[in-house]
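In what follows, a single structure is set out as structure tokens and then discussed.
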Amino acid sequence: PVVVFGWHKEFLRELSERTNGVLYYGAMTPAQKEKAKAKFIAGDAPVFAANLQSAGTGLDGLQHIASHCVFAELPWTYTEIDQATGRLHRMGQKDHVLCDLLVEHGGVEEYMMKTILRKEGHSATVVG
């Protein structure tokens, strides 16, 4: 099972349909969100395609089924990556969490990743 984080609902919808996964995004009702999460946790869907803003914070239970996440679309801050990864790296997780960030060499994602790492370095200096 894998959790895939992204921004665009159309992309996430297509991904969930092509993989027999579930979709989780902000405009869903709480009941729809809970149903999608329950299906994934029960092992009835191999992919949890989630909007980063909707599932990146405050979502619990994924750590019981998945230890792998993929950022198919990058956020602009390291904190968002850390928060979203934390959905899997929580109490109850028995495995190491593997987090993949999809970055195209020479593309906008490479620029974003450099920006994210630069920002993270600055925040670590200020905070740490």
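Order determines the names: the first chain of the structure tokens is A, the second B, and so forth; residues in each chain are numbered 1 upward, and ligands are numbered 1 upward as they are shown.
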Give one line per residue of stretch 89-109 of chain A that approaches stretch 65-72 of chain A to at most 9 Å, naming the two atoms of the closest pair and their distance in Å to one decimal, counting only C-alpha atoms; sort by chain then ascending residue number and deliver it as a tab-separated table.
residue	atom	partner	partner_atom	distance
A:His89	CA	A:Ser67	CA	7.6
A:Gln93	CA	A:Ser67	CA	7.4
A:Lys94	CA	A:Ser67	CA	8.4
A:Asp95	CA	A:Ser67	CA	6.3
A:His96	CA	A:Ser67	CA	6.6
A:Val97	CA	A:Ser67	CA	4.6
A:Leu98	CA	A:His68	CA	4.7
A:Cys99	CA	A:Cys69	CA	4.9
A:Asp100	CA	A:Val70	CA	4.7
A:Leu101	CA	A:Phe71	CA	4.8
A:Leu102	CA	A:Ala72	CA	5.5
A:Val103	CA	A:Ala72	CA	8.3
Would you write out those residues with C-alpha atoms, as a PDB file, in the first residue's frame?
ATOM      1  CA  HIS A  89       5.506   7.993  10.764  1.00  0.00           C
ATOM      2  CA  GLN A  93       4.059   2.294  12.665  1.00  0.00           C
ATOM      3  CA  LYS A  94       6.193  -0.840  12.825  1.00  0.00           C
ATOM      4  CA  ASP A  95       8.325  -0.275   9.705  1.00  0.00           C
ATOM      5  CA  HIS A  96      10.688   2.401   8.481  1.00  0.00           C
ATOM      6  CA  VAL A  97       8.853   4.987   6.419  1.00  0.00           C
ATOM      7  CA  LEU A  98      10.028   5.388   2.836  1.00  0.00           C
ATOM      8  CA  CYS A  99       9.247   8.724   1.248  1.00  0.00           C
ATOM      9  CA  ASP A 100       9.829   9.303  -2.474  1.00  0.00           C
ATOM     10  CA  LEU A 101       9.758  12.738  -4.042  1.00  0.00           C
ATOM     11  CA  LEU A 102       9.299  12.703  -7.810  1.00  0.00           C
ATOM     12  CA  VAL A 103      11.647  15.267  -9.308  1.00  0.00           C
TER      13      VAL A 103
END
(message) When you look at stretch 108-117 of chain A with a cut-off of 9 Å (counting only C-alpha atoms), what residues show up, excluding the ones that are within fewer than 3 positions of it in the same chain? I need them as a PyMOL selection string.
(response) chain A and resi 73-78+101-105+120-122
Selection to disk with N, CA and C atoms, as a compact mmCIF listing (two decimals), in the first residue's frame:
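File out_14.txt, as written:
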# COMPACT_ATOMS: atom_id res chain seq x y z
N GLU A 73 3.48 15.52 -6.63
CA GLU A 73 3.54 16.96 -6.87
C GLU A 73 4.09 17.58 -5.60
N LEU A 74 5.12 18.38 -5.73
CA LEU A 74 5.81 18.91 -4.56
C LEU A 74 5.14 20.16 -3.98
N PRO A 75 5.18 20.28 -2.66
CA PRO A 75 4.78 21.54 -2.04
C PRO A 75 5.98 22.50 -2.08
N TRP A 76 5.79 23.72 -1.61
CA TRP A 76 6.87 24.69 -1.65
C TRP A 76 7.69 24.76 -0.36
N THR A 77 7.27 24.02 0.66
CA THR A 77 8.03 24.08 1.92
C THR A 77 8.34 22.68 2.43
N TYR A 78 9.46 22.57 3.12
CA TYR A 78 9.85 21.31 3.74
C TYR A 78 8.87 20.92 4.83
N LEU A 101 10.16 11.47 -3.45
CA LEU A 101 9.76 12.74 -4.04
C LEU A 101 10.10 12.67 -5.52
N LEU A 102 9.09 12.80 -6.37
CA LEU A 102 9.30 12.70 -7.81
C LEU A 102 9.79 14.05 -8.34
N VAL A 103 11.01 14.04 -8.83
CA VAL A 103 11.65 15.27 -9.31
C VAL A 103 12.24 15.01 -10.68
N GLU A 104 11.77 15.77 -11.67
CA GLU A 104 12.29 15.63 -13.02
C GLU A 104 13.53 16.50 -13.17
N HIS A 105 14.64 15.87 -13.55
CA HIS A 105 15.88 16.60 -13.76
C HIS A 105 15.69 17.65 -14.84
N GLU A 120 14.62 24.87 3.96
CA GLU A 120 14.78 23.99 5.11
C GLU A 120 16.09 24.28 5.82
N GLY A 121 17.13 24.53 5.07
CA GLY A 121 18.42 24.87 5.67
C GLY A 121 18.36 26.16 6.45
N HIS A 122 17.64 27.14 5.90
CA HIS A 122 17.50 28.41 6.61
C HIS A 122 16.66 28.26 7.87
Could you list, as a PDB file with C-alpha atoms, in the first residue's frame, every residue within 10 Å of A:Leu59, counting only C-alpha atoms and ignoring same-chain residues fewer than 6 positions away?
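As a result, result.pdb now contains:
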ATOM      1  CA  LYS A  37      -9.689   6.057   4.541  1.00  0.00           C
ATOM      2  CA  ALA A  84       2.519  14.784   5.390  1.00  0.00           C
ATOM      3  CA  GLY A  86       4.180  12.299   9.632  1.00  0.00           C
ATOM      4  CA  ARG A  87       0.826  10.761   8.669  1.00  0.00           C
ATOM      5  CA  LEU A  88       2.745   7.506   8.231  1.00  0.00           C
TER       6      LEU A  88
END
(request) Excluding stretch 21-28 of chain A and residues on its chain fewer than 5 positions from it, collect all residues at most 8 Å away from it, counting only C-alpha atoms, and give them as a PyMOL selection string. (result) chain A and resi 9+12-13+15-16+33+36-37+39-40+45-51+53-55
